[in-house]
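Here the structure is laid out as structure tokens; the discussion comes afterwards.
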Amino acid sequence: MKLFQKSPWIIHYDGASCNGCDIEVLACLTPRYDVERFGIINTGNPKHADILLITGYINEQSQPVVRTIYEQMPEPKVVVAIGICATSGGIFRECYNTKGGVDSTIPVDVYVPGCAARPESIIDGVVQALAILERKKKEMAARP
Amino acid sequence: MANRTVIPFGPQHPVLPEPIHLDLVIEDEHVVEAIPSFGFIHRGLEKLAEKRDFTEFTFVAERICGICSYIHGMGYCQAIESVMGLEIPERAKWLRTMWAELSRMHSHMMWLGLLGDAFGFENLFMAFWRVREGLLDIIEETSGGRVIFGAAKVGGIRRDVPDDLLARIPAQLAKIEAEMRPITDVFRDDFSVRQRLCGVGVLSQKDAYDLGAVGPVLRGSGVAVDTRLEGYAAYDRVQVEPIVESDGDCWARAMVRIREVYQSFEILKQVLPNVPAGPVDMKVTGAPNGEFFARLEQPRGEVIYYVKGSGKKQLDRFRVRTPTFANIPPLLKMLQGCQLADVPVIVLTIDPCISCAER
């Protein structure tokens with residue numbers, strides 16, 4: 001964890017999930033798991049965020065919203081797909097309104113499996129995202 | 001006349017964990033009208049009932065919503081069992097009642113925390129969610145899941161709960177109740193909390209009834225309706241009184257939910273010692289042929305399941321009318337004439353569960 005010079009802020013968006021993963025994302029912030037001690041704060045503004053946590057798969061109507069949030073985030077940025085729905089569509093894969101996982105719309109860096117994903121695995125996913133964020137930052141600095 | 005402006009609220013908003021979009025027509029600082037638009041989480045899972053085996057569909061029904069997931073699974077099973085004429089074992093009925101109450105408590109405590117967060121009282125949010133983790137521990141010990149229990153199945157429950165574990169739960173609940181008291185006292189007595197909630201988003205008794213509000217929204221406006229009195233599962237053998245507040249404002253709706261959490265502690269005190277010994281499931285043969293409406297009380301209000309089968313393994317039709325869907329027209333009524341700054345709090349007091357509403 002000593003790699004980071006600044007605290008990474010997360011933004012959370014519910015693509016089209018059942019809520020199970022969303023409340024587990026929020027549970028990560030609360031005293032039992034408490035990621036805020038590492039300086040990770042849930043922000044509502046995409047322009048302040050470094051890590052995008054998306055739960056649920058993508059449908060026709062949420063696709064432009066997800067894309068807009070992603071485009072508004074400043075570089076470097078990392079996307080974490082939380083839960084099996086965000087990874088592949090999960091139990092709703094055969095529904096008529098499903099377009100597939102989050103990677104059908106925006107590039108995804110870390111996949112967190114589970115239905116619903118447990119807070120421990122979400123935190124593990126975010127920690128992996130931090131390493132990717134650091135790498136992307138170095139690549140940006142090396143760019144001419 | 002003052003100028004009218006339209007302000008979009010959502011779908012991505014700091015207060016809402018879920019996407020809902022409202023176009024707020026504003027005159028000065030007051031909301032004249034709110035126009036909702038939906039479909040951000042529409043999955044079309046009712047159609048999935050035609051592709052899946054009716055026993056397998058229980059898992060899909062549980063994922064209508066991740067917060068009230070257990071009651072969705074239980075309601076679906078109850079509807080199928082009624083079509084097929086199955087009388088499930090007594091132990092399964094009592095354990096279903098226990099999980100239904102535990103899920104009501106965890107949902108209400110989650111909501112109370114989110115409401116604190118909505119008006120900027122972050123400490124309250126953290127405190128409620130810390131206590132809620134104790135409940136999730138009980139749920140995880142008994143059913144195996146934290147938010148999606150996976151405990152209901154057609155013909156009973158999926159796994160039995162050992163008696164020594166059941167005997168341990170009352171002590172754990174007593175500890176949680178003791179931790180709850182000081183936090184809910186803050187809700188009840190704190191000056192700034194009352195300032196934000198009292199007299200905000202008033203819904204009259206007549207409007208609540210006419211617009212078809214359900215659950216704590218309806219009871220907060222002084223109408224005593226509680227579907228648990230229908231006596232499904234083991235509710236016909238426990239004492240349930242509908243909890244009613246008369247003011248119809250945000251404060252009244254919060255008080256209804258706080259008192260319901262304490263009521264659930266009382267119900268569990270009646271349920272836990274009375275769980276009878278015996279089998280927890282029965283063999284299910286054949287397929288549903290016929291139709292049935294099941295009505296249950298969710299944390300958010302009355303939910304209706306309609307199933308129709310024609311002797312095949314797949315259902316012909318599955319329909320669910322969820323409480324948030326019923327509470328949208330009352331919400332639009334509450335928003336008329338309120339301050340712009342109160343919109344997030346008012347939206348939150350119907351306990352919006354958009355995943356439920358859009359299915």
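Each chain of the structure tokens is named A, B, ... in the order shown, its residues numbered from 1; ligands are numbered from 1 in display order.
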Residues at most 12 Å from Pro64 of chain A, counting only C-alpha atoms, excluding those fewer than 5 positions away in the same chain, as a list in words?
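So the residues in contact are Gly15, Ile58, Asn59, Ile69, Tyr70, Glu71, Thr105 and Ile106 of chain A; Pro11, Gln12 and Phe40 of chain B.
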Just C-alpha atoms for this one: save the residues we selected as a compact mmCIF listing (two decimals), in the first residue's frame.
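Output saved as result08.txt:
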# COMPACT_ATOMS: atom_id res chain seq x y z
CA GLY A 15 -25.40 -0.58 -14.15
CA ILE A 58 -25.39 -3.21 -19.13
CA ASN A 59 -28.72 -2.60 -20.83
CA ILE A 69 -19.38 8.56 -16.35
CA TYR A 70 -16.32 6.77 -17.72
CA GLU A 71 -15.49 9.60 -20.13
CA THR A 105 -19.32 -0.91 -23.17
CA ILE A 106 -16.10 0.24 -21.50
CA PRO B 11 -29.65 8.70 -12.75
CA GLN B 12 -26.22 9.01 -11.17
CA PHE B 40 -32.15 1.90 -16.17
Dump as JSON lines the rows for residues of chain B within 7 Å of chain A: closest atom pair and distance in Å with one decimal, only C-alpha atoms counted, ordered by chain and rising residue number.
{"residue": "B:Gln12", "atom": "CA", "partner": "A:Tyr13", "partner_atom": "CA", "distance": 6.9}
{"residue": "B:His13", "atom": "CA", "partner": "A:Gly44", "partner_atom": "CA", "distance": 6.4}
{"residue": "B:Pro14", "atom": "CA", "partner": "A:Gly44", "partner_atom": "CA", "distance": 4.3}
{"residue": "B:Pro17", "atom": "CA", "partner": "A:Asp22", "partner_atom": "CA", "distance": 6.9}
{"residue": "B:Glu18", "atom": "CA", "partner": "A:Asp14", "partner_atom": "CA", "distance": 5.6}
{"residue": "B:Pro19", "atom": "CA", "partner": "A:Asp14", "partner_atom": "CA", "distance": 6.7}
{"residue": "B:Gly39", "atom": "CA", "partner": "A:Gln61", "partner_atom": "CA", "distance": 6.5}
{"residue": "B:Phe40", "atom": "CA", "partner": "A:Ser62", "partner_atom": "CA", "distance": 5.2}
{"residue": "B:Ile41", "atom": "CA", "partner": "A:Ala16", "partner_atom": "CA", "distance": 4.2}
{"residue": "B:Arg43", "atom": "CA", "partner": "A:Asn97", "partner_atom": "CA", "distance": 5.3}
{"residue": "B:Gly44", "atom": "CA", "partner": "A:Cys95", "partner_atom": "CA", "distance": 5.9}
{"residue": "B:Leu45", "atom": "CA", "partner": "A:Cys95", "partner_atom": "CA", "distance": 6.2}
{"residue": "B:Leu48", "atom": "CA", "partner": "A:Cys95", "partner_atom": "CA", "distance": 6.1}
{"residue": "B:Val60", "atom": "CA", "partner": "A:Ile91", "partner_atom": "CA", "distance": 7.0}
{"residue": "B:Arg63", "atom": "CA", "partner": "A:Cys18", "partner_atom": "CA", "distance": 5.8}
{"residue": "B:Ile64", "atom": "CA", "partner": "A:Cys18", "partner_atom": "CA", "distance": 6.0}
{"residue": "B:Cys65", "atom": "CA", "partner": "A:Cys18", "partner_atom": "CA", "distance": 4.6}
{"residue": "B:Gly66", "atom": "CA", "partner": "A:Gly20", "partner_atom": "CA", "distance": 3.8}
{"residue": "B:Ile67", "atom": "CA", "partner": "A:Gly20", "partner_atom": "CA", "distance": 6.2}
{"residue": "B:Met126", "atom": "CA", "partner": "A:Thr30", "partner_atom": "CA", "distance": 5.5}
{"residue": "B:Trp129", "atom": "CA", "partner": "A:Thr30", "partner_atom": "CA", "distance": 6.3}
{"residue": "B:Arg130", "atom": "CA", "partner": "A:Pro31", "partner_atom": "CA", "distance": 5.6}
{"residue": "B:Val147", "atom": "CA", "partner": "A:Gly20", "partner_atom": "CA", "distance": 6.0}
{"residue": "B:Ile148", "atom": "CA", "partner": "A:Ala116", "partner_atom": "CA", "distance": 6.6}
{"residue": "B:Ser355", "atom": "CA", "partner": "A:Cys18", "partner_atom": "CA", "distance": 5.4}
For the residues selected in the previous step, produce a file with C-alpha atoms as a PDB file, in the first residue's frame.
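Produced file part.pdb, reproduced below:
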ATOM      1  CA  GLN B  12     -26.221   9.007 -11.174  1.00  0.00           C
ATOM      2  CA  HIS B  13     -26.649  10.954  -7.941  1.00  0.00           C
ATOM      3  CA  PRO B  14     -24.540  10.912  -4.766  1.00  0.00           C
ATOM      4  CA  PRO B  17     -27.166   3.949  -4.695  1.00  0.00           C
ATOM      5  CA  GLU B  18     -29.417   3.138  -7.631  1.00  0.00           C
ATOM      6  CA  PRO B  19     -30.349   4.942 -10.832  1.00  0.00           C
ATOM      7  CA  GLY B  39     -35.762   1.613 -17.301  1.00  0.00           C
ATOM      8  CA  PHE B  40     -32.150   1.896 -16.171  1.00  0.00           C
ATOM      9  CA  ILE B  41     -32.319  -1.445 -14.389  1.00  0.00           C
ATOM     10  CA  ARG B  43     -33.882  -6.786 -16.895  1.00  0.00           C
ATOM     11  CA  GLY B  44     -37.080  -8.472 -18.038  1.00  0.00           C
ATOM     12  CA  LEU B  45     -36.790 -11.315 -15.584  1.00  0.00           C
ATOM     13  CA  LEU B  48     -37.192 -15.608 -17.904  1.00  0.00           C
ATOM     14  CA  VAL B  60     -34.023 -15.727 -10.182  1.00  0.00           C
ATOM     15  CA  ARG B  63     -32.486 -11.733  -7.380  1.00  0.00           C
ATOM     16  CA  ILE B  64     -35.388  -9.406  -8.166  1.00  0.00           C
ATOM     17  CA  CYS B  65     -33.779  -7.344  -5.450  1.00  0.00           C
ATOM     18  CA  GLY B  66     -30.735  -7.901  -3.295  1.00  0.00           C
ATOM     19  CA  ILE B  67     -32.054  -6.119  -0.207  1.00  0.00           C
ATOM     20  CA  MET B 126     -21.802   4.522   9.976  1.00  0.00           C
ATOM     21  CA  TRP B 129     -24.351  -0.010   9.390  1.00  0.00           C
ATOM     22  CA  ARG B 130     -21.993  -1.109  12.154  1.00  0.00           C
ATOM     23  CA  VAL B 147     -27.493 -10.443   1.341  1.00  0.00           C
ATOM     24  CA  ILE B 148     -28.804 -13.167  -0.972  1.00  0.00           C
ATOM     25  CA  SER B 355     -34.237  -2.965  -8.864  1.00  0.00           C
TER      26      SER B 355
END
Using only C-alpha atoms, which of the listed residues (A:Arg67, A:Lys6, A:Lys77, A:Arg37) sits closest to Ala49 of chain A?
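Looking only at the distances to Ala49 of chain A, the closest residue turns out to be A:Lys77.
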Long-range neighbours of Ser221 of chain B as a list in words, 10 Å cut-off, only C-alpha atoms, 3 positions minimum in chain
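So, after excluding close chain neighbours, the residues are Val202, Leu203, Ser204, Gln205, Lys206, Asp207, Ala208, Tyr209, Ala213, Pro216, Val217, Leu218, Ala224, Val244, Glu245, Ser246, Asp247, Gly248, Asp249, Cys250, Ala252, Arg253 and Val256 of chain B.
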Any chance you can output those residues with N, CA and C atoms as a PDB file, in the first residue's frame?
ATOM      1  N   VAL B 202     -45.114  16.010   3.256  1.00  0.00           N
ATOM      2  CA  VAL B 202     -46.322  15.503   3.919  1.00  0.00           C
ATOM      3  C   VAL B 202     -47.252  14.841   2.902  1.00  0.00           C
ATOM      4  N   LEU B 203     -47.719  13.664   3.275  1.00  0.00           N
ATOM      5  CA  LEU B 203     -48.682  12.931   2.454  1.00  0.00           C
ATOM      6  C   LEU B 203     -49.917  12.698   3.325  1.00  0.00           C
ATOM      7  N   SER B 204     -51.050  13.245   2.907  1.00  0.00           N
ATOM      8  CA  SER B 204     -52.240  13.121   3.756  1.00  0.00           C
ATOM      9  C   SER B 204     -52.779  11.696   3.699  1.00  0.00           C
ATOM     10  N   GLN B 205     -53.600  11.382   4.697  1.00  0.00           N
ATOM     11  CA  GLN B 205     -54.144  10.030   4.787  1.00  0.00           C
ATOM     12  C   GLN B 205     -54.952   9.685   3.541  1.00  0.00           C
ATOM     13  N   LYS B 206     -55.730  10.661   3.064  1.00  0.00           N
ATOM     14  CA  LYS B 206     -56.578  10.412   1.898  1.00  0.00           C
ATOM     15  C   LYS B 206     -55.713  10.164   0.653  1.00  0.00           C
ATOM     16  N   ASP B 207     -54.692  11.031   0.476  1.00  0.00           N
ATOM     17  CA  ASP B 207     -53.822  10.864  -0.698  1.00  0.00           C
ATOM     18  C   ASP B 207     -53.112   9.520  -0.661  1.00  0.00           C
ATOM     19  N   ALA B 208     -52.622   9.156   0.524  1.00  0.00           N
ATOM     20  CA  ALA B 208     -51.899   7.891   0.642  1.00  0.00           C
ATOM     21  C   ALA B 208     -52.796   6.736   0.228  1.00  0.00           C
ATOM     22  N   TYR B 209     -54.043   6.788   0.683  1.00  0.00           N
ATOM     23  CA  TYR B 209     -54.975   5.706   0.375  1.00  0.00           C
ATOM     24  C   TYR B 209     -55.360   5.726  -1.103  1.00  0.00           C
ATOM     25  N   ALA B 213     -50.562   3.935  -1.895  1.00  0.00           N
ATOM     26  CA  ALA B 213     -49.284   3.742  -1.197  1.00  0.00           C
ATOM     27  C   ALA B 213     -49.324   2.429  -0.424  1.00  0.00           C
ATOM     28  N   PRO B 216     -44.596   1.210   4.918  1.00  0.00           N
ATOM     29  CA  PRO B 216     -44.373   2.301   5.864  1.00  0.00           C
ATOM     30  C   PRO B 216     -44.868   3.660   5.360  1.00  0.00           C
ATOM     31  N   VAL B 217     -44.939   3.873   4.045  1.00  0.00           N
ATOM     32  CA  VAL B 217     -45.457   5.143   3.542  1.00  0.00           C
ATOM     33  C   VAL B 217     -46.936   5.270   3.895  1.00  0.00           C
ATOM     34  N   LEU B 218     -47.664   4.186   3.695  1.00  0.00           N
ATOM     35  CA  LEU B 218     -49.094   4.176   4.007  1.00  0.00           C
ATOM     36  C   LEU B 218     -49.310   4.256   5.518  1.00  0.00           C
ATOM     37  N   ALA B 224     -53.848   1.822   8.863  1.00  0.00           N
ATOM     38  CA  ALA B 224     -53.322   0.597   9.486  1.00  0.00           C
ATOM     39  C   ALA B 224     -53.507  -0.591   8.551  1.00  0.00           C
ATOM     40  N   VAL B 244     -48.515   2.370  13.275  1.00  0.00           N
ATOM     41  CA  VAL B 244     -49.096   3.518  12.570  1.00  0.00           C
ATOM     42  C   VAL B 244     -48.615   4.816  13.196  1.00  0.00           C
ATOM     43  N   GLU B 245     -48.245   5.763  12.330  1.00  0.00           N
ATOM     44  CA  GLU B 245     -47.975   7.136  12.754  1.00  0.00           C
ATOM     45  C   GLU B 245     -48.931   8.023  11.968  1.00  0.00           C
ATOM     46  N   SER B 246     -49.286   9.164  12.525  1.00  0.00           N
ATOM     47  CA  SER B 246     -50.365   9.919  11.877  1.00  0.00           C
ATOM     48  C   SER B 246     -49.901  11.138  11.081  1.00  0.00           C
ATOM     49  N   ASP B 247     -48.640  11.579  11.236  1.00  0.00           N
ATOM     50  CA  ASP B 247     -48.260  12.867  10.641  1.00  0.00           C
ATOM     51  C   ASP B 247     -48.095  12.815   9.119  1.00  0.00           C
ATOM     52  N   GLY B 248     -47.651  11.690   8.579  1.00  0.00           N
ATOM     53  CA  GLY B 248     -47.491  11.581   7.129  1.00  0.00           C
ATOM     54  C   GLY B 248     -46.279  12.300   6.581  1.00  0.00           C
ATOM     55  N   ASP B 249     -45.376  12.793   7.427  1.00  0.00           N
ATOM     56  CA  ASP B 249     -44.165  13.458   6.906  1.00  0.00           C
ATOM     57  C   ASP B 249     -42.980  12.485   6.961  1.00  0.00           C
ATOM     58  N   CYS B 250     -41.805  12.986   6.555  1.00  0.00           N
ATOM     59  CA  CYS B 250     -40.618  12.117   6.525  1.00  0.00           C
ATOM     60  C   CYS B 250     -40.318  11.547   7.903  1.00  0.00           C
ATOM     61  N   ALA B 252     -42.467  10.827  10.284  1.00  0.00           N
ATOM     62  CA  ALA B 252     -43.390   9.740  10.618  1.00  0.00           C
ATOM     63  C   ALA B 252     -42.953   8.448   9.936  1.00  0.00           C
ATOM     64  N   ARG B 253     -42.500   8.548   8.676  1.00  0.00           N
ATOM     65  CA  ARG B 253     -42.085   7.337   7.957  1.00  0.00           C
ATOM     66  C   ARG B 253     -40.837   6.740   8.586  1.00  0.00           C
ATOM     67  N   VAL B 256     -41.976   4.976  11.819  1.00  0.00           N
ATOM     68  CA  VAL B 256     -42.613   3.683  11.550  1.00  0.00           C
ATOM     69  C   VAL B 256     -41.544   2.611  11.395  1.00  0.00           C
TER      70      VAL B 256
END
Could you tell me, as a VMD selection string, which residues of chain A DSSP assigns to helix (DSSP H, G or I) when given the backbone?
chain A and resid 20 to 29 35 to 38 46 to 48 62 to 72 83 to 88 90 to 92 102 to 104 119 to 142
Write a file of the just-selected residues containing C-alpha atoms, as a PDB file, in the first residue's frame.
ATOM      1  CA  GLY A  20     -27.033  -7.099  -3.640  1.00  0.00           C
ATOM      2  CA  CYS A  21     -23.564  -6.012  -4.774  1.00  0.00           C
ATOM      3  CA  ASP A  22     -24.379  -2.329  -4.276  1.00  0.00           C
ATOM      4  CA  ILE A  23     -25.073  -2.691  -0.588  1.00  0.00           C
ATOM      5  CA  GLU A  24     -21.921  -4.782  -0.249  1.00  0.00           C
ATOM      6  CA  VAL A  25     -19.933  -1.969  -1.874  1.00  0.00           C
ATOM      7  CA  LEU A  26     -21.392   0.420   0.698  1.00  0.00           C
ATOM      8  CA  ALA A  27     -20.703  -2.126   3.456  1.00  0.00           C
ATOM      9  CA  CYS A  28     -16.999  -1.905   2.512  1.00  0.00           C
ATOM     10  CA  LEU A  29     -17.037   1.749   3.569  1.00  0.00           C
ATOM     11  CA  VAL A  35     -11.712   1.127   3.621  1.00  0.00           C
ATOM     12  CA  GLU A  36     -11.784   4.811   4.533  1.00  0.00           C
ATOM     13  CA  ARG A  37      -8.809   4.168   6.823  1.00  0.00           C
ATOM     14  CA  PHE A  38      -6.760   3.772   3.616  1.00  0.00           C
ATOM     15  CA  PRO A  46     -16.942  11.298 -11.632  1.00  0.00           C
ATOM     16  CA  LYS A  47     -14.496  14.176 -12.081  1.00  0.00           C
ATOM     17  CA  HIS A  48     -13.053  13.515  -8.620  1.00  0.00           C
ATOM     18  CA  SER A  62     -27.773   2.411 -18.852  1.00  0.00           C
ATOM     19  CA  GLN A  63     -25.160   2.135 -21.609  1.00  0.00           C
ATOM     20  CA  PRO A  64     -24.924   5.888 -22.383  1.00  0.00           C
ATOM     21  CA  VAL A  65     -24.873   6.700 -18.653  1.00  0.00           C
ATOM     22  CA  VAL A  66     -21.985   4.319 -17.981  1.00  0.00           C
ATOM     23  CA  ARG A  67     -20.090   5.637 -20.984  1.00  0.00           C
ATOM     24  CA  THR A  68     -20.600   9.257 -19.871  1.00  0.00           C
ATOM     25  CA  ILE A  69     -19.383   8.557 -16.351  1.00  0.00           C
ATOM     26  CA  TYR A  70     -16.321   6.771 -17.723  1.00  0.00           C
ATOM     27  CA  GLU A  71     -15.492   9.597 -20.133  1.00  0.00           C
ATOM     28  CA  GLN A  72     -15.841  12.244 -17.429  1.00  0.00           C
ATOM     29  CA  GLY A  83     -20.325  -9.319  -9.214  1.00  0.00           C
ATOM     30  CA  ILE A  84     -20.981 -11.990 -11.763  1.00  0.00           C
ATOM     31  CA  CYS A  85     -23.559  -9.848 -13.613  1.00  0.00           C
ATOM     32  CA  ALA A  86     -20.979  -7.166 -14.335  1.00  0.00           C
ATOM     33  CA  THR A  87     -18.547  -9.852 -15.459  1.00  0.00           C
ATOM     34  CA  SER A  88     -20.748 -11.770 -17.865  1.00  0.00           C
ATOM     35  CA  GLY A  90     -24.742 -13.850 -14.727  1.00  0.00           C
ATOM     36  CA  ILE A  91     -28.183 -15.168 -13.931  1.00  0.00           C
ATOM     37  CA  PHE A  92     -29.786 -12.550 -16.201  1.00  0.00           C
ATOM     38  CA  VAL A 102     -19.610  -4.150 -18.439  1.00  0.00           C
ATOM     39  CA  ASP A 103     -16.773  -4.902 -20.898  1.00  0.00           C
ATOM     40  CA  SER A 104     -19.305  -4.675 -23.733  1.00  0.00           C
ATOM     41  CA  PRO A 119     -16.938  -7.210   0.883  1.00  0.00           C
ATOM     42  CA  GLU A 120     -13.626  -9.055   1.275  1.00  0.00           C
ATOM     43  CA  SER A 121     -13.467  -9.836  -2.430  1.00  0.00           C
ATOM     44  CA  ILE A 122     -14.535  -6.300  -3.365  1.00  0.00           C
ATOM     45  CA  ILE A 123     -11.701  -4.895  -1.241  1.00  0.00           C
ATOM     46  CA  ASP A 124      -9.309  -7.371  -2.872  1.00  0.00           C
ATOM     47  CA  GLY A 125     -10.479  -6.161  -6.277  1.00  0.00           C
ATOM     48  CA  VAL A 126      -9.925  -2.533  -5.325  1.00  0.00           C
ATOM     49  CA  VAL A 127      -6.437  -3.313  -4.022  1.00  0.00           C
ATOM     50  CA  GLN A 128      -5.584  -4.928  -7.371  1.00  0.00           C
ATOM     51  CA  ALA A 129      -7.044  -1.868  -9.079  1.00  0.00           C
ATOM     52  CA  LEU A 130      -4.669   0.334  -7.097  1.00  0.00           C
ATOM     53  CA  ALA A 131      -1.669  -1.486  -8.542  1.00  0.00           C
ATOM     54  CA  ILE A 132      -3.054  -1.013 -12.046  1.00  0.00           C
ATOM     55  CA  LEU A 133      -3.692   2.658 -11.300  1.00  0.00           C
ATOM     56  CA  GLU A 134      -0.059   3.082 -10.257  1.00  0.00           C
ATOM     57  CA  ARG A 135       1.129   1.387 -13.446  1.00  0.00           C
ATOM     58  CA  LYS A 136      -1.101   3.563 -15.623  1.00  0.00           C
ATOM     59  CA  LYS A 137       0.194   6.649 -13.862  1.00  0.00           C
ATOM     60  CA  LYS A 138       3.800   5.682 -14.628  1.00  0.00           C
ATOM     61  CA  GLU A 139       2.904   4.995 -18.259  1.00  0.00           C
ATOM     62  CA  MET A 140       1.285   8.419 -18.481  1.00  0.00           C
ATOM     63  CA  ALA A 141       4.357  10.108 -17.042  1.00  0.00           C
ATOM     64  CA  ALA A 142       6.589   8.270 -19.551  1.00  0.00           C
TER      65      ALA A 142
END
From the options B:Pro330, B:Glu141, B:Tyr76, B:Thr97, which residue's atoms come nearest to Ala49 of chain B, counting only C-alpha atoms?
B:Tyr76
For Val240 of chain B, list every protein, DNA or RNA residue within 12 Å, evaluated using only C-alpha atoms, and leave out those in the same chain fewer than 3 positions away; present the list as a CSV table (one decimal) with N, CA and C atoms, in the first residue's frame.
chain,number,residue,atom,x,y,z
B,101,GLU,N,-38.3,-11.9,9.1
B,101,GLU,CA,-38.1,-10.8,10.1
B,101,GLU,C,-36.7,-10.3,10.1
B,224,ALA,N,-53.8,1.8,8.9
B,224,ALA,CA,-53.3,0.6,9.5
B,224,ALA,C,-53.5,-0.6,8.6
B,225,VAL,N,-52.5,-0.8,7.7
B,225,VAL,CA,-52.6,-2.0,6.8
B,225,VAL,C,-51.2,-2.7,6.9
B,226,ASP,N,-51.3,-4.0,7.2
B,226,ASP,CA,-50.1,-4.8,7.3
B,226,ASP,C,-50.4,-6.2,6.8
B,227,THR,N,-49.8,-6.6,5.7
B,227,THR,CA,-50.1,-7.8,5.0
B,227,THR,C,-49.8,-9.0,5.9
B,228,ARG,N,-48.9,-8.8,6.9
B,228,ARG,CA,-48.5,-9.9,7.8
B,228,ARG,C,-49.8,-10.5,8.5
B,229,LEU,N,-50.8,-9.6,8.6
B,229,LEU,CA,-52.0,-10.0,9.3
B,229,LEU,C,-52.8,-11.1,8.5
B,230,GLU,N,-52.4,-11.3,7.3
B,230,GLU,CA,-53.0,-12.3,6.4
B,230,GLU,C,-52.7,-13.7,7.0
B,231,GLY,N,-51.6,-13.8,7.7
B,231,GLY,CA,-51.2,-15.0,8.4
B,231,GLY,C,-50.6,-16.0,7.5
B,234,ALA,N,-45.8,-18.6,9.4
B,234,ALA,CA,-46.3,-18.8,10.8
B,234,ALA,C,-46.8,-17.5,11.4
B,235,TYR,N,-47.1,-16.5,10.6
B,235,TYR,CA,-47.6,-15.2,11.1
B,235,TYR,C,-48.9,-15.3,11.8
B,236,ASP,N,-49.7,-16.4,11.5
B,236,ASP,CA,-51.0,-16.6,12.1
B,236,ASP,C,-50.8,-17.0,13.6
B,237,ARG,N,-49.6,-17.4,14.0
B,237,ARG,CA,-49.5,-17.8,15.4
B,237,ARG,C,-48.6,-16.8,16.2
B,243,ILE,N,-48.0,-1.0,12.7
B,243,ILE,CA,-47.4,0.2,13.4
B,243,ILE,C,-47.8,1.5,12.6
B,260,GLU,N,-40.8,-0.6,13.7
B,260,GLU,CA,-40.9,-1.9,13.1
B,260,GLU,C,-39.6,-2.8,13.4
B,262,TYR,N,-38.0,-2.7,16.2
B,262,TYR,CA,-38.2,-3.2,17.6
B,262,TYR,C,-39.3,-4.2,17.6
B,263,GLN,N,-40.3,-4.0,16.7
B,263,GLN,CA,-41.4,-5.0,16.7
B,263,GLN,C,-40.8,-6.3,16.2
B,264,SER,N,-39.9,-6.3,15.2
B,264,SER,CA,-39.3,-7.5,14.7
B,264,SER,C,-38.5,-8.2,15.8
B,265,PHE,N,-37.8,-7.5,16.7
B,265,PHE,CA,-37.2,-8.1,17.9
B,265,PHE,C,-38.2,-8.9,18.7
B,266,GLU,N,-39.4,-8.3,18.9
B,266,GLU,CA,-40.4,-8.9,19.7
B,266,GLU,C,-41.0,-10.2,19.0
B,267,ILE,N,-41.2,-10.0,17.6
B,267,ILE,CA,-41.7,-11.2,16.9
B,267,ILE,C,-40.7,-12.3,17.0
B,268,LEU,N,-39.4,-12.0,16.8
B,268,LEU,CA,-38.4,-13.1,16.9
B,268,LEU,C,-38.3,-13.7,18.3
B,270,GLN,N,-40.9,-14.3,20.0
B,270,GLN,CA,-42.0,-15.3,19.9
B,270,GLN,C,-41.6,-16.5,19.0
B,271,VAL,N,-40.9,-16.2,17.9
B,271,VAL,CA,-40.7,-17.3,16.9
B,271,VAL,C,-39.6,-18.3,17.4
B,297,GLU,N,-45.8,-9.2,3.1
B,297,GLU,CA,-45.3,-7.9,3.5
B,297,GLU,C,-43.8,-7.8,3.4
Which residues are near Phe125 of chain B? Cut-off 8 Å, only C-alpha atoms, ignore same chain within fewer than 3 positions. Put them as a CSV table (one decimal) with N, CA and C atoms, in the first residue's frame.
chain,number,residue,atom,x,y,z
B,112,LEU,N,-32.2,3.3,7.5
B,112,LEU,CA,-32.1,4.4,8.4
B,112,LEU,C,-30.7,5.0,8.3
B,113,GLY,N,-29.7,4.2,8.0
B,113,GLY,CA,-28.4,4.7,7.8
B,113,GLY,C,-28.3,5.5,6.6
B,114,LEU,N,-28.9,5.1,5.5
B,114,LEU,CA,-28.9,5.8,4.2
B,114,LEU,C,-29.6,7.2,4.4
B,115,LEU,N,-30.7,7.2,5.2
B,115,LEU,CA,-31.4,8.4,5.4
B,115,LEU,C,-30.5,9.4,6.1
B,116,GLY,N,-29.8,8.9,7.2
B,116,GLY,CA,-28.8,9.8,7.9
B,116,GLY,C,-27.8,10.4,6.9
B,117,ASP,N,-27.3,9.5,6.0
B,117,ASP,CA,-26.3,10.0,5.0
B,117,ASP,C,-27.0,11.0,4.1
B,121,PHE,N,-25.7,13.5,7.9
B,121,PHE,CA,-25.3,13.0,9.2
B,121,PHE,C,-24.6,11.7,9.0
B,122,GLU,N,-23.3,11.8,8.6
B,122,GLU,CA,-22.6,10.6,8.2
B,122,GLU,C,-22.3,9.6,9.4
B,128,PHE,N,-25.4,3.0,12.2
B,128,PHE,CA,-26.4,2.0,11.8
B,128,PHE,C,-25.8,0.8,11.1
B,129,TRP,N,-24.9,1.1,10.2
B,129,TRP,CA,-24.4,0.0,9.4
B,129,TRP,C,-23.4,-0.9,10.2
Selection: 9 Å around Gly134 of chain B, only C-alpha atoms, excl. self and same-chain fewer than 2 positions, as a PyMOL selection string:
chain B and resi 130-132+136-139+172-173+175-176
Got time to write the residues from that selection, C-alpha atoms, as a tab-separated table (two decimals), in the first residue's frame?
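Saved the output as result_3.tsv:
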chain	number	residue	atom	x	y	z
B	130	ARG	CA	-21.99	-1.11	12.15
B	131	VAL	CA	-24.89	-2.53	14.17
B	132	ARG	CA	-26.41	-4.05	11.04
B	136	LEU	CA	-25.78	-10.07	8.86
B	137	ASP	CA	-23.63	-12.38	10.99
B	138	ILE	CA	-26.76	-14.14	12.27
B	139	ILE	CA	-28.13	-14.35	8.73
B	172	GLN	CA	-27.02	-12.12	19.91
B	173	LEU	CA	-30.25	-10.26	19.21
B	175	LYS	CA	-26.85	-7.46	22.21
B	176	ILE	CA	-27.87	-5.85	18.91
